[in-house]
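Participant: Got a structure for you, written out below as structure tokens; questions coming shortly.
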Amino acid sequence: MSRRTLVTGLLVLAVIALFAVPLLVDGGTSEYGGTDAAVTEQLEADGYTPWFDSLFSPAGEVESGLFALQAALGAGVLGYVLGRLHGRRRAAASAPGRDPR
Amino acid sequence: MHIAEGFLPAAHAIGWTVAAAPFVAHGARAVVREVRENPESTLLLGAAGAFTFVLSAIKLPSVTGSSSHPTGTGPGAILFRPPVMALLGTVVLLFQALLLAHGGLTTLGANAFAFAVVGPWAGYAAYRLVRAAGAGLLPAVFAGVALADLATYGTTSLQLALAFPDASTGLAGALVKFLGVFALTQVPLAIGEGLLGVLLFRVLTVNARPELERLGILRPEPAATPGGAA
């Protein structure tokens, strides 16, 4: 395994560990409520009433789906771009007259 | 960092909208100019937008027992300078405000100011500072991407504190209170986001070398390395 692959693997592991460890450490006791919602709850508890409502509020399950759609669109475009760039380099590397084999 | 719909008093909502609008308009011009003058940038521009689209959709657990989402605005700010992200970030926020009831139209200005203006500029400044200090590309990318995330949440806390100062401790007390909700939770997320930024740039330095050289991120390689990259 090249050094480059090793570093990539370790970076990926570090990212996964960073988010997996909190889940394992607390043994499922935390609710993991969103910080955005925590603030609005706090403000509402202090007596603030929002003066404008969202034009469209998807129901819980639909909302998760739309969030997943957002992530999928982003990941799809990112993968497409990185794949094209990779393919372009491979093509350029084998193009200049030399037979890759 | 999304201040929910209707949760900023009207005067604040208008004030932040007025503050953010010129940045977004300038950003729109920057994107159009970039695409027109450097059509070959379009792919990377798409990658920058896609990165913030993915990351801002994902809520991640943190050591504090609450969850939050990264911002993903750093890489685009580093690649194309911050104005471009003022537009791309605002598009993301608009998508979430209209379709996901996350954030809102009345708070779009405030959220855009935190997410699409302050975050990218803070990240870009950190990136430039670390590079000026003599560090390599990847440490600077880590610093820039992580700080873009943290600065956004710091700005949101300040915006909330300005709108809702504490009755007894005033602005400072409110700022501490809101930072208490956001800041600590965000630290591991910012680190994770910084590492993802490093992974992205590791791929780009190999596969998008011509673009990175043109954008001034990498110095052109000495021409005397024929086929040595493989």
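Identifiers in the structure tokens: chain A, B, ... in order shown; residue index from 1 per chain; ligand index from 1 in order shown.
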Write out as a VMD selection string every residue belonging to chain B that has an atom at most 6 Å from any atom of chain A, counting only C-alpha atoms.
Facilitator: chain B and resid 5 to 7 43 47 50 53 to 54 57 63 65 to 68 100 to 101 192 207
Participant: Give the alpha helix (DSSP H) residues of range 26-129 of chain B, as assigned by DSSP on the backbone, as JSON, numbers by chain.
Facilitator: {"B": [26, 27, 28, 29, 30, 31, 32, 33, 34, 35, 36, 37, 42, 43, 44, 45, 46, 47, 48, 49, 50, 51, 52, 53, 54, 55, 74, 75, 76, 77, 78, 79, 80, 82, 83, 84, 85, 86, 87, 88, 89, 90, 91, 92, 93, 94, 95, 96, 97, 98, 99, 108, 109, 110, 111, 112, 119, 120, 121, 122, 123, 124, 125, 126, 127, 128, 129]}
Participant: Give me, as a Markdown table, each residue of range 85-135 of chain B that comes within 12 Å of range 140-152 of chain B, together with its shortest interatomic pair and the distance in Å at one decimal, counting only C-alpha atoms, with rows ordered by chain and rising residue number.
Facilitator:
```
| residue | atom | partner | partner_atom | distance |
| --- | --- | --- | --- | --- |
| B:Met85 | CA | B:Ala148 | CA | 11.1 |
| B:Gly89 | CA | B:Thr152 | CA | 11.5 |
| B:Ala110 | CA | B:Thr152 | CA | 10.7 |
| B:Asn111 | CA | B:Thr152 | CA | 8.8 |
| B:Ala112 | CA | B:Thr152 | CA | 9.5 |
| B:Phe113 | CA | B:Thr152 | CA | 8.5 |
| B:Ala114 | CA | B:Thr152 | CA | 4.8 |
| B:Phe115 | CA | B:Thr152 | CA | 5.2 |
| B:Ala116 | CA | B:Thr152 | CA | 8.3 |
| B:Val117 | CA | B:Thr152 | CA | 8.5 |
| B:Val118 | CA | B:Thr152 | CA | 6.3 |
| B:Gly119 | CA | B:Ala148 | CA | 4.1 |
| B:Pro120 | CA | B:Ala148 | CA | 5.4 |
| B:Trp121 | CA | B:Ala148 | CA | 7.4 |
| B:Ala122 | CA | B:Ala148 | CA | 5.6 |
| B:Gly123 | CA | B:Gly144 | CA | 4.0 |
| B:Tyr124 | CA | B:Gly144 | CA | 5.8 |
| B:Ala125 | CA | B:Gly144 | CA | 7.3 |
| B:Ala126 | CA | B:Gly144 | CA | 5.0 |
| B:Tyr127 | CA | B:Gly144 | CA | 4.5 |
| B:Arg128 | CA | B:Ala140 | CA | 7.3 |
| B:Leu129 | CA | B:Ala140 | CA | 8.0 |
| B:Val130 | CA | B:Ala140 | CA | 5.2 |
| B:Arg131 | CA | B:Ala140 | CA | 5.8 |
| B:Ala132 | CA | B:Ala140 | CA | 9.3 |
| B:Ala133 | CA | B:Ala140 | CA | 9.5 |
| B:Gly134 | CA | B:Ala140 | CA | 9.5 |
| B:Ala135 | CA | B:Ala140 | CA | 6.7 |
```
Participant: Could you give me, as a list in words, the residues within 10 Å of Gly109 in chain B, counting only C-alpha atoms and dropping anything in the same chain fewer than 2 positions from it?
Facilitator: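 Near neighbours after the sequence-gap exclusion: His12, Ala13, Ile14, Gly15, Trp16, Thr17, Val18, Ala19, Ala20, Ala21, Val24, Thr90, Leu93, Gly104, Leu105, Thr106, Thr107, Asn111, Ala112, Phe113, Ala114, Phe115 and Ala116 of chain B.
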Participant: Rounded to one decimal place, report the CA of Val181 in chain B-CA of Thr64 in chain B distance in Å.
Facilitator: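 Here the two named atoms are 9.4 Å from each other.
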Participant: Would you pick out the contacts of Pro220 in chain B at 10 Å or less, using only C-alpha atoms, so that residues sharing its chain but fewer than 6 positions from it are not included, and give the list as a list in words?
Facilitator: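 My reading of the contact set: Arg209, Pro210, Leu212, Glu213 and Arg214 of chain B.
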Participant: Quick check, in Å to one decimal: how far apart do CA of Pro82 in chain B and CA of Thr155 in chain B lie?
Facilitator: 16.1 Å
Participant: Output as a ChimeraX atom specification all residues of range 16-209 of chain B that backbone DSSP marks as strand (DSSP E).
Facilitator: /B:60-61,66-68
